[in-house]
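*Asks:* Provided herewith: my_file_32.cif, mmCIF, C-alpha atoms and all ligand atoms.
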```cif
data_coords
#
loop_
_atom_site.label_atom_id
_atom_site.label_comp_id
_atom_site.auth_asym_id
_atom_site.auth_seq_id
_atom_site.Cartn_x
_atom_site.Cartn_y
_atom_site.Cartn_z
CA MET A 249 0.00 0.00 0.00
CA THR A 250 1.40 3.39 -0.86
CA THR A 251 0.36 5.63 1.93
CA ALA A 252 1.50 8.83 3.44
CA HIS A 253 5.06 9.71 3.06
CA ALA A 254 5.10 12.41 5.61
CA LEU A 255 3.23 15.44 4.47
CA SER A 256 6.36 17.39 5.07
CA GLU A 257 6.05 19.52 1.98
CA ALA A 258 2.58 20.67 2.87
CA GLY A 259 1.52 22.03 6.19
CA SER A 260 3.87 23.52 8.70
CA SER A 261 7.03 21.53 8.08
CA PRO A 262 8.35 19.41 10.90
CA PRO A 263 11.73 20.49 12.19
CA PRO A 264 14.50 19.00 10.05
CA ASN A 265 15.96 15.79 11.29
CA SER A 266 12.98 15.32 13.53
CA ASP A 267 12.04 11.69 13.70
CA ARG A 268 10.00 12.45 16.79
CA VAL A 269 6.41 12.82 15.75
CA ILE A 270 5.09 13.00 19.32
CA ASP A 271 7.02 14.33 22.29
CA VAL A 272 5.24 14.54 25.64
CA ARG A 273 6.98 15.77 28.80
CA ASP A 274 5.41 15.92 32.23
CA LEU A 275 1.87 16.21 30.88
CA ARG A 276 -0.65 16.96 33.61
CA MET A 277 -4.41 17.15 33.48
CA ARG A 278 -6.73 18.09 36.28
CA TYR A 279 -10.52 18.02 36.03
CA ARG A 280 -11.82 20.16 38.89
CA SER A 281 -10.26 18.45 41.92
CA GLN A 282 -9.35 15.20 40.11
CA ASP A 283 -5.76 14.78 38.91
CA VAL A 284 -6.10 12.41 35.95
CA LEU A 285 -2.65 12.81 34.39
CA LYS A 286 0.14 13.37 36.91
CA GLY A 287 3.22 13.67 34.73
CA VAL A 288 2.99 11.65 31.52
CA ASP A 289 6.16 11.28 29.43
CA PHE A 290 6.53 9.50 26.12
CA THR A 291 7.62 9.87 22.52
CA ALA A 292 6.60 8.33 19.20
CA ARG A 293 8.78 8.17 16.11
CA ARG A 294 7.93 8.27 12.43
CA GLY A 295 6.32 5.04 11.21
CA GLU A 296 5.89 3.61 14.71
CA VAL A 297 2.70 1.92 15.89
CA VAL A 298 2.36 2.86 19.54
CA VAL A 299 -0.43 1.26 21.58
CA LEU A 300 -1.68 3.01 24.71
CA LEU A 301 -3.13 0.60 27.26
CA GLY A 302 -4.69 1.32 30.61
CA PRO A 303 -7.71 0.56 32.77
CA ASN A 304 -11.02 2.38 32.29
CA GLY A 305 -10.70 5.99 33.37
CA ALA A 306 -6.88 5.97 33.30
CA GLY A 307 -6.82 9.00 31.01
CA LYS A 308 -6.08 7.51 27.57
CA THR A 309 -8.77 9.50 25.75
CA THR A 310 -7.75 12.61 27.67
CA THR A 311 -4.14 12.14 26.56
CA ILE A 312 -5.14 11.64 22.94
CA GLU A 313 -7.46 14.65 23.01
CA VAL A 314 -4.64 16.84 24.32
CA LEU A 315 -2.39 15.62 21.49
CA GLU A 316 -5.12 16.29 18.93
CA GLY A 317 -5.51 19.84 20.22
CA PHE A 318 -9.09 19.22 21.35
CA ARG A 319 -8.38 19.61 25.05
CA MET A 320 -6.23 22.15 26.88
CA ARG A 321 -3.75 20.54 29.23
CA SER A 322 -3.22 21.77 32.78
CA ALA A 323 0.59 21.63 32.49
CA GLY A 324 3.51 20.07 30.65
CA ASP A 325 5.24 20.28 27.26
CA VAL A 326 3.64 18.63 24.25
CA SER A 327 4.88 18.64 20.67
CA VAL A 328 3.01 16.92 17.83
CA LEU A 329 4.59 17.07 14.36
CA GLY A 330 6.81 19.84 15.69
CA THR A 331 3.89 21.99 16.89
CA ASP A 332 2.26 22.58 20.26
CA PRO A 333 -1.28 21.20 19.72
CA ALA A 334 -2.70 24.09 21.74
CA HIS A 335 -1.58 26.35 18.86
CA GLY A 336 -2.05 24.01 15.88
CA ASP A 337 -3.49 25.67 12.76
CA GLU A 338 -5.49 24.22 9.87
CA ARG A 339 -2.36 23.15 7.99
CA TRP A 340 -1.13 21.29 11.04
CA ARG A 341 -4.54 19.69 11.57
CA ALA A 342 -4.59 18.49 7.93
CA ARG A 343 -1.56 16.33 8.71
CA LEU A 344 -3.46 14.41 11.43
CA GLY A 345 -5.97 11.63 11.04
CA ILE A 346 -8.43 11.08 13.85
CA VAL A 347 -10.78 8.18 14.53
CA LEU A 348 -12.84 8.88 17.62
CA GLN A 349 -14.61 6.34 19.83
CA SER A 350 -17.96 7.30 18.42
CA TRP A 351 -18.85 9.50 15.53
CA ARG A 352 -22.49 9.28 14.63
CA ASP A 353 -23.23 12.15 12.26
CA HIS A 354 -24.00 12.33 8.58
CA GLY A 355 -26.11 9.15 8.51
CA LYS A 356 -27.98 10.30 5.41
CA TRP A 357 -24.89 10.67 3.25
CA ARG A 358 -23.78 7.77 1.06
CA VAL A 359 -20.42 6.19 1.84
CA ARG A 360 -18.64 7.15 -1.38
CA GLU A 361 -20.21 10.60 -1.50
CA LEU A 362 -19.24 11.54 2.06
CA LEU A 363 -15.67 10.26 1.74
CA ALA A 364 -15.23 12.19 -1.52
CA HIS A 365 -16.62 15.30 0.17
CA LEU A 366 -14.41 15.02 3.27
CA GLY A 367 -11.40 14.19 1.10
CA SER A 368 -11.84 17.40 -0.90
CA TYR A 369 -10.76 19.39 2.18
CA TYR A 370 -7.30 17.83 1.90
CA ALA A 371 -6.72 18.70 -1.76
CA PRO A 372 -4.89 21.96 -0.95
CA TYR A 373 -2.35 19.89 1.03
CA SER A 374 -1.47 17.58 -1.86
CA THR A 375 2.18 17.41 -2.89
CA ALA A 376 4.13 16.04 -5.84
CA LEU A 377 5.14 13.11 -3.66
CA VAL A 378 1.85 12.36 -1.99
CA GLN A 379 -1.45 12.84 -3.66
CA ARG A 380 -4.21 14.01 -1.36
CA PRO A 381 -6.88 13.03 -0.77
CA TRP A 382 -6.68 9.27 -1.09
CA ASP A 383 -8.44 8.14 -4.28
CA VAL A 384 -11.94 7.46 -2.98
CA ASP A 385 -12.48 4.07 -4.64
CA GLU A 386 -9.02 2.86 -3.63
CA LEU A 387 -9.71 3.96 -0.07
CA ILE A 388 -13.12 2.26 0.01
CA ALA A 389 -11.48 -0.96 -1.24
CA ALA A 390 -8.66 -0.64 1.33
CA VAL A 391 -11.16 -0.58 4.20
CA GLY A 392 -13.32 -3.31 2.66
CA LEU A 393 -16.45 -1.29 1.90
CA THR A 394 -16.67 -1.63 -1.89
CA GLU A 395 -20.05 -3.36 -1.72
CA GLN A 396 -21.40 -0.66 0.59
CA ALA A 397 -20.05 2.32 -1.40
CA GLY A 398 -23.55 3.40 -2.51
CA LYS A 399 -25.24 2.80 0.85
CA ARG A 400 -26.30 5.48 3.29
CA VAL A 401 -23.90 5.72 6.24
CA GLY A 402 -26.79 5.37 8.69
CA THR A 403 -27.65 1.91 7.33
CA LEU A 404 -24.19 0.36 7.82
CA SER A 405 -23.74 -2.42 10.37
CA GLY A 406 -21.64 -1.68 13.49
CA GLY A 407 -18.51 -3.23 12.00
CA GLN A 408 -19.02 -1.57 8.60
CA ARG A 409 -19.52 1.72 10.38
CA ARG A 410 -16.20 1.26 12.17
CA ARG A 411 -14.45 0.62 8.83
CA PHE A 412 -16.08 3.77 7.54
CA ASP A 413 -14.81 5.71 10.59
CA VAL A 414 -11.30 4.51 9.80
CA ALA A 415 -11.69 5.58 6.17
CA VAL A 416 -12.68 9.07 7.37
CA GLY A 417 -9.57 9.12 9.56
CA ILE A 418 -7.17 8.28 6.73
CA VAL A 419 -8.79 9.97 3.72
CA GLY A 420 -6.24 12.81 3.94
CA ARG A 421 -3.27 10.38 4.06
CA PRO A 422 -2.24 11.57 7.53
CA GLU A 423 1.30 11.63 8.87
CA LEU A 424 -0.01 10.79 12.30
CA LEU A 425 -3.14 8.76 12.92
CA PHE A 426 -4.98 8.61 16.25
CA LEU A 427 -7.27 5.63 16.72
CA ASP A 428 -9.35 5.44 19.91
CA GLU A 429 -10.53 1.82 20.34
CA PRO A 430 -10.79 1.29 16.59
CA THR A 431 -11.70 -2.38 16.61
CA ALA A 432 -14.43 -2.37 19.26
CA GLY A 433 -17.30 -4.29 17.71
CA LEU A 434 -15.42 -5.70 14.73
CA ASP A 435 -15.65 -9.42 13.98
CA PRO A 436 -12.38 -11.42 13.92
CA GLU A 437 -12.03 -11.24 10.14
CA ALA A 438 -12.64 -7.49 10.02
CA ARG A 439 -10.24 -7.06 12.93
CA ASN A 440 -7.58 -8.98 11.07
CA GLU A 441 -8.08 -6.91 7.93
CA PHE A 442 -7.90 -3.77 10.02
CA HIS A 443 -4.59 -4.90 11.52
CA GLY A 444 -3.23 -5.36 7.99
CA LEU A 445 -4.40 -1.86 7.12
CA VAL A 446 -2.66 -0.32 10.15
CA ARG A 447 0.59 -2.18 9.44
CA GLY A 448 0.42 -1.02 5.81
CA LEU A 449 0.01 2.59 6.93
CA ALA A 450 2.97 2.29 9.29
CA ASP A 451 5.09 0.74 6.53
CA GLY A 452 4.26 3.83 4.49
CA ASP A 453 5.72 5.97 7.33
CA THR A 454 2.48 6.95 9.05
CA THR A 455 2.83 7.06 12.83
CA VAL A 456 -0.12 5.45 14.61
CA LEU A 457 -1.18 6.00 18.22
CA LEU A 458 -3.93 3.60 19.15
CA THR A 459 -5.87 2.77 22.31
CA THR A 460 -7.39 -0.62 22.87
CA HIS A 461 -8.52 -2.92 25.66
CA ASP A 462 -7.62 -5.95 23.55
CA LEU A 463 -4.21 -7.14 24.73
CA ALA A 464 -3.83 -9.66 21.90
CA GLU A 465 -4.36 -6.80 19.48
CA ALA A 466 -1.77 -4.69 21.30
CA GLU A 467 0.72 -7.53 21.18
CA LYS A 468 0.12 -8.11 17.49
CA LEU A 469 0.13 -4.50 16.29
CA ALA A 470 2.41 -2.52 18.53
CA ASP A 471 6.00 -1.62 17.85
CA ARG A 472 5.82 -0.22 21.34
CA ILE A 473 3.31 -0.49 24.18
CA LEU A 474 2.69 2.21 26.77
CA ILE A 475 0.75 1.40 29.91
CA LEU A 476 -1.01 4.37 31.51
CA ALA A 477 -2.05 3.82 35.11
CA GLY A 478 -2.17 5.97 38.23
CA GLY A 479 -1.75 9.08 36.07
CA ARG A 480 1.63 8.06 34.62
CA ILE A 481 3.17 5.86 31.98
CA VAL A 482 4.19 2.89 34.10
CA ALA A 483 5.63 0.78 31.29
CA ASP A 484 7.09 1.54 27.88
CA GLY A 485 8.54 -1.13 25.62
CA THR A 486 7.81 -3.96 23.20
CA ALA A 487 5.40 -6.65 24.40
CA GLU A 488 8.36 -8.96 24.89
CA GLU A 489 10.39 -6.41 26.85
CA LEU A 490 7.46 -5.73 29.17
CA SER A 491 6.82 -9.40 29.79
CA ARG A 492 10.49 -10.08 30.45
CA LYS A 493 10.79 -7.20 32.89
CA ALA A 494 7.61 -7.93 34.81
CA SER A 495 8.27 -11.63 35.15
CA ALA A 496 11.74 -13.07 34.98
CA GLU A 497 10.30 -16.53 35.47
CA ALA A 498 9.03 -18.90 32.83
CA THR A 499 6.66 -21.78 33.40
CA VAL A 500 7.78 -25.21 32.17
CA ARG A 501 5.13 -27.92 31.81
CA TRP A 502 5.74 -31.55 30.88
CA THR A 503 4.42 -35.04 31.41
CA LEU A 504 6.17 -38.15 32.70
CA ASP A 505 4.40 -41.45 32.20
CA GLY A 506 1.25 -39.51 31.47
CA ARG A 507 1.41 -37.50 34.72
CA PRO A 508 1.50 -33.67 34.34
CA PHE A 509 4.19 -31.55 36.02
CA GLU A 510 4.83 -27.83 36.20
CA GLU A 511 7.77 -25.73 37.38
CA SER A 512 8.47 -21.98 37.48
CA THR A 513 12.07 -21.15 36.77
CA ALA A 514 14.25 -18.19 35.86
CA GLU A 515 16.45 -20.52 33.80
CA PRO A 516 14.14 -22.57 31.59
CA THR A 517 16.87 -23.72 29.17
CA ARG A 518 19.01 -25.19 31.92
CA PHE A 519 15.94 -26.72 33.56
CA VAL A 520 14.81 -28.41 30.33
CA ARG A 521 18.33 -29.75 29.69
CA ARG A 522 18.36 -31.33 33.17
CA LEU A 523 14.89 -32.74 32.61
CA PHE A 524 16.05 -34.59 29.48
CA GLU A 525 19.29 -35.69 31.11
CA ASP A 526 17.29 -37.23 33.95
CA HIS A 527 14.35 -38.68 32.02
CA GLY A 528 15.25 -38.76 28.31
CA ASP A 529 12.46 -39.84 25.97
CA ALA A 530 10.05 -40.38 28.86
CA VAL A 531 9.44 -36.59 28.88
CA GLY A 532 6.37 -35.66 26.89
CA GLY A 533 4.13 -32.65 26.18
CA LEU A 534 6.90 -30.15 26.86
CA GLU A 535 5.81 -26.52 26.96
CA VAL A 536 7.82 -23.46 28.02
CA ARG A 537 5.79 -20.33 28.52
CA ARG A 538 6.90 -16.81 29.37
CA ALA A 539 4.36 -14.45 30.89
CA SER A 540 1.94 -13.20 28.23
CA LEU A 541 1.26 -9.52 27.77
CA GLU A 542 -2.05 -10.12 29.53
CA ASP A 543 -0.30 -11.64 32.59
CA THR A 544 2.12 -8.72 32.62
CA TYR A 545 -0.53 -6.06 32.23
CA LEU A 546 -2.76 -7.49 34.93
CA THR A 547 0.19 -7.85 37.33
CA MET A 548 1.27 -4.24 36.78
CA VAL A 549 -2.16 -2.71 37.11
CA ARG A 550 -3.04 -4.86 40.14
CA GLU A 551 0.21 -3.96 41.90
CA LEU A 552 -0.45 -0.28 41.30
CA GLU A 553 -4.05 -0.54 42.46
CA THR A 554 -3.16 -2.42 45.64
CA GLY A 555 -0.29 -0.04 46.30
CA SER A 556 2.38 -2.73 46.34
CA VAL A 557 4.37 -0.59 43.88
CA PRO A 558 4.32 3.10 44.84
CA GLU A 559 3.22 5.15 41.82
CA GLU A 560 6.36 7.26 41.75
CA ARG A 561 8.50 4.15 41.61
CA ALA A 562 6.31 2.24 39.18
CA ALA A 563 7.80 3.61 35.99
CA HIS A 564 11.25 2.63 37.12
CA ALA A 565 10.10 -0.78 38.30
CA PHE A 566 8.60 -1.60 34.92
CA GLY A 567 11.37 -0.37 32.74
CA GLU A 568 10.54 3.13 31.58
CA GLU A 569 14.28 3.75 31.66
CA ALA A 570 14.47 1.87 28.37
CA ARG A 571 13.40 5.05 26.53
N1 LIG B 601 -14.63 16.66 30.60
C1 LIG B 601 -14.38 16.03 31.74
N2 LIG B 601 -14.68 16.59 32.93
C2 LIG B 601 -14.42 15.97 34.09
N3 LIG B 601 -13.84 14.75 34.18
C3 LIG B 601 -13.52 14.13 33.03
C4 LIG B 601 -13.77 14.73 31.75
N4 LIG B 601 -13.33 13.87 30.80
C5 LIG B 601 -12.84 12.80 31.44
N5 LIG B 601 -12.96 12.95 32.78
C6 LIG B 601 -12.51 11.99 33.81
O1 LIG B 601 -11.14 11.74 33.62
C7 LIG B 601 -10.82 10.38 33.83
C8 LIG B 601 -10.12 9.82 32.58
O2 LIG B 601 -11.05 9.72 31.53
P1 LIG B 601 -10.64 9.20 30.08
O3 LIG B 601 -11.87 9.16 29.25
O4 LIG B 601 -9.50 10.01 29.59
O5 LIG B 601 -10.12 7.72 30.42
P2 LIG B 601 -9.85 6.47 29.45
O6 LIG B 601 -8.55 5.89 29.90
O7 LIG B 601 -9.94 6.88 28.04
O8 LIG B 601 -11.04 5.51 29.85
P3 LIG B 601 -11.80 4.33 29.01
O9 LIG B 601 -10.83 3.20 28.88
O10 LIG B 601 -12.94 3.99 29.92
O11 LIG B 601 -12.25 4.90 27.68
C9 LIG B 601 -12.13 9.69 34.18
O12 LIG B 601 -12.20 9.61 35.59
C10 LIG B 601 -13.19 10.64 33.65
O13 LIG B 601 -14.35 10.56 34.40
#
```
If you took the structure in this file and wrote it as structure tokens, what would it be?
*Replies:*
Amino acid sequence: MTTAHALSEAGSSPPPNSDRVIDVRDLRMRYRSQDVLKGVDFTARRGEVVVLLGPNGAGKTTTIEVLEGFRMRSAGDVSVLGTDPAHGDERWRARLGIVLQSWRDHGKWRVRELLAHLGSYYAPYSTALVQRPWDVDELIAAVGLTEQAGKRVGTLSGGQRRRFDVAVGIVGRPELLFLDEPTAGLDPEARNEFHGLVRGLADGDTTVLLTTHDLAEAEKLADRILILAGGRIVADGTAEELSRKASAEATVRWTLDGRPFEESTAEPTRFVRRLFEDHGDAVGGLEVRRASLEDTYLTMVRELETGSVPEERAAHAFGEEAR
């Protein structure tokens, strides 16, 4: 898929040599007396798929809305495509793609008609390198809505509607795409196709920041996972890095004469070697399992909620120093 090479020639140009598409330092957000974000730090680079995880109410949507320029932050430094979102102009906004949790307008428009209309706003930002907007029929095919192109938006099924929402988000071939729970309500096949679409966009240099509650999806899609809990980013790394840091131990399972055994060990290779030395071919059903992202996530969030890891130490405990 040929997608957005950064829209660097249109819009306010990003600073030269800037691979950092998002840069967030000590972001704070207070709603009346409630401190939701207490010092959030993270970055995202060009072409990265970054997945933001966190329990309900952790502040994921708030964070994304601040980055989109829809919500004024209480404090902190935020740069998105080289611009402070609080001062982003139309040209800056044209370089973003946004898919909100729910967008329920324009039900009477037909799919093709509305996408062509919305796409026309991006025409002034077209460059020799990247044609904007996305060709409407190509876009409709890319999100799997060819058969529904002539239908009214209000008559689409939930999953088709979600595909349509994504099409709206990418019609301008954005440099940076925000997706807030994009696959909620999609069936497994549609979800899989959507994952292919996101990877294709990232391969074309689009940076994607996505929230989800689906840990398998995070594991599959993310170049990097951020966990937001207790008002801070408490973990930042690949799924594998997070699992390794949160749980040094692996679980080894095997059978001997049909009887099941299980052992937790920090040195699974050595353990398995010993097992075969001692029992040879009598060992069956061998399985070595590191903690899954789900195990890791639940452990981290539970420890924060029960206070067994003080919030201010959590980031360190779970490896934020990697960035
Ligand atoms: N406009 C607002 N005024 C007051 N409080 C708000 C406002 N918007 C969000 N909040 C509060 O801020 C907290 C974070 O909300 P937010 O929607 O950012 O969380 P989230 O991580 O996206 O949650 P979810 O996973 O449930 O979508 C919640 O306690 C919410 O009630």
*Asks:* Would you mind telling me which residue in A:Glu338, A:Asp353, A:Glu386, A:Asp332 lies nearest to Tyr370 (chain A) when using all atoms listed in the file?
*Replies:*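 For Tyr370 (chain A), the nearest of the given residues is A:Glu338.
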*Asks:* Counting all atoms listed in the file, name the residues that have an atom within 12 Å of an atom of ligand LIG 601 (chain B); the answer should be given as an MDAnalysis selection string.
*Replies:* chainID A and resid 276:286 300:314 318:321 348:350 427:430 432 458:462 475:481
*Asks:* Quick one: everything within 7 Å of Leu424 (chain A), counting only C-alpha atoms, minus sequence neighbours fewer than 6 positions away in the same chain. Send it as a ChimeraX atom specification.
*Replies:* /A:343-345,454-456
*Asks:* Out of A:Gly402, A:Pro422, A:Gly295, A:Pro381, which residue has the shortest atom-to-atom distance to Asp471 (chain A) when counting all atoms listed in the file?
*Replies:* A:Gly295
*Asks:* Closest to Glu467 (chain A) among A:Asp451, A:Glu361, A:Asp505, A:Glu542, using all atoms listed in the file?
*Replies:*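 Between A:Asp451, A:Glu361, A:Asp505, A:Glu542, the residue approaching Glu467 (chain A) most closely is A:Glu542.
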*Asks:* Hey, which of A:Arg421, A:Arg293, A:Val298, A:Phe426 ends up closest to Thr375 (chain A)? Count only C-alpha atoms.
*Replies:* A:Arg421
*Asks:* Point out the residue among A:Val500, A:Ala323, A:Ile418, A:Val299 with the least atom-to-atom distance to Leu534 (chain A), counting only C-alpha atoms.
*Replies:*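 Using only C-alpha atoms, the shortest distance to Leu534 (chain A) belongs to A:Val500.
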*Asks:* What does the distance between CA of Ala342 (chain A) and CA of Asp325 (chain A) come to in Å, to one decimal place?
*Replies:* 21.8 Å
*Asks:* What's the separation between CA of Ala539 (chain A) and CA of Arg447 (chain A), in Å to one decimal place?
*Replies:*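 Separation between CA of Ala539 (chain A) and CA of Arg447 (chain A): 25.0 Å.
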*Asks:* Do you have the CA of Asp337 (chain A)-CA of Arg380 (chain A) distance handy?
*Replies:*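 According to the coordinates, CA of Asp337 (chain A) and CA of Arg380 (chain A) are separated by 18.3 Å.
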*Asks:* In terms of the shortest atom-to-atom distance over all atoms listed in the file, which of A:Leu366, A:Leu474, A:Leu457, A:Val531 is closest to Trp502 (chain A)?
*Replies:*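 Ranking A:Leu366, A:Leu474, A:Leu457, A:Val531 by distance to Trp502 (chain A), first place goes to A:Val531.
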*Asks:* Using only C-alpha atoms, which residues sit within 12 Å of Arg538 (chain A) once same-chain residues fewer than 2 positions away are excluded, as a PyMOL selection string?
*Replies:* chain A and resi 487-501+512-516+535-536+540-544
*Asks:* Taking the structure I provided as the source, export region 383-394 of chain A with N, CA and C atoms, as an mmCIF file, in the first residue's frame.
*Replies:*
```cif
data_model
loop_
_atom_site.group_PDB
_atom_site.id
_atom_site.type_symbol
_atom_site.label_atom_id
_atom_site.label_comp_id
_atom_site.auth_asym_id
_atom_site.auth_seq_id
_atom_site.Cartn_x
_atom_site.Cartn_y
_atom_site.Cartn_z
ATOM 1 N N ASP A 383 -7.430 8.425 -3.263
ATOM 2 C CA ASP A 383 -8.443 8.137 -4.285
ATOM 3 C C ASP A 383 -9.610 7.403 -3.613
ATOM 4 N N VAL A 384 -10.823 7.918 -3.809
ATOM 5 C CA VAL A 384 -11.936 7.458 -2.975
ATOM 6 C C VAL A 384 -12.249 5.971 -3.188
ATOM 7 N N ASP A 385 -12.158 5.494 -4.423
ATOM 8 C CA ASP A 385 -12.475 4.070 -4.638
ATOM 9 C C ASP A 385 -11.374 3.157 -4.092
ATOM 10 N N GLU A 386 -10.125 3.629 -4.218
ATOM 11 C CA GLU A 386 -9.018 2.856 -3.626
ATOM 12 C C GLU A 386 -9.187 2.771 -2.107
ATOM 13 N N LEU A 387 -9.543 3.902 -1.524
ATOM 14 C CA LEU A 387 -9.713 3.964 -0.067
ATOM 15 C C LEU A 387 -10.841 3.030 0.377
ATOM 16 N N ILE A 388 -11.959 3.083 -0.349
ATOM 17 C CA ILE A 388 -13.116 2.259 0.006
ATOM 18 C C ILE A 388 -12.736 0.776 -0.091
ATOM 19 N N ALA A 389 -11.934 0.437 -1.111
ATOM 20 C CA ALA A 389 -11.485 -0.955 -1.242
ATOM 21 C C ALA A 389 -10.541 -1.311 -0.093
ATOM 22 N N ALA A 390 -9.654 -0.363 0.274
ATOM 23 C CA ALA A 390 -8.658 -0.639 1.326
ATOM 24 C C ALA A 390 -9.330 -0.941 2.665
ATOM 25 N N VAL A 391 -10.476 -0.313 2.933
ATOM 26 C CA VAL A 391 -11.159 -0.581 4.204
ATOM 27 C C VAL A 391 -12.265 -1.630 4.050
ATOM 28 N N GLY A 392 -12.389 -2.197 2.856
ATOM 29 C CA GLY A 392 -13.322 -3.311 2.662
ATOM 30 C C GLY A 392 -14.782 -2.897 2.598
ATOM 31 N N LEU A 393 -15.057 -1.755 1.968
ATOM 32 C CA LEU A 393 -16.451 -1.291 1.899
ATOM 33 C C LEU A 393 -16.956 -1.146 0.467
ATOM 34 N N THR A 394 -16.293 -1.814 -0.484
ATOM 35 C CA THR A 394 -16.670 -1.629 -1.886
ATOM 36 C C THR A 394 -18.153 -1.925 -2.105
#
```
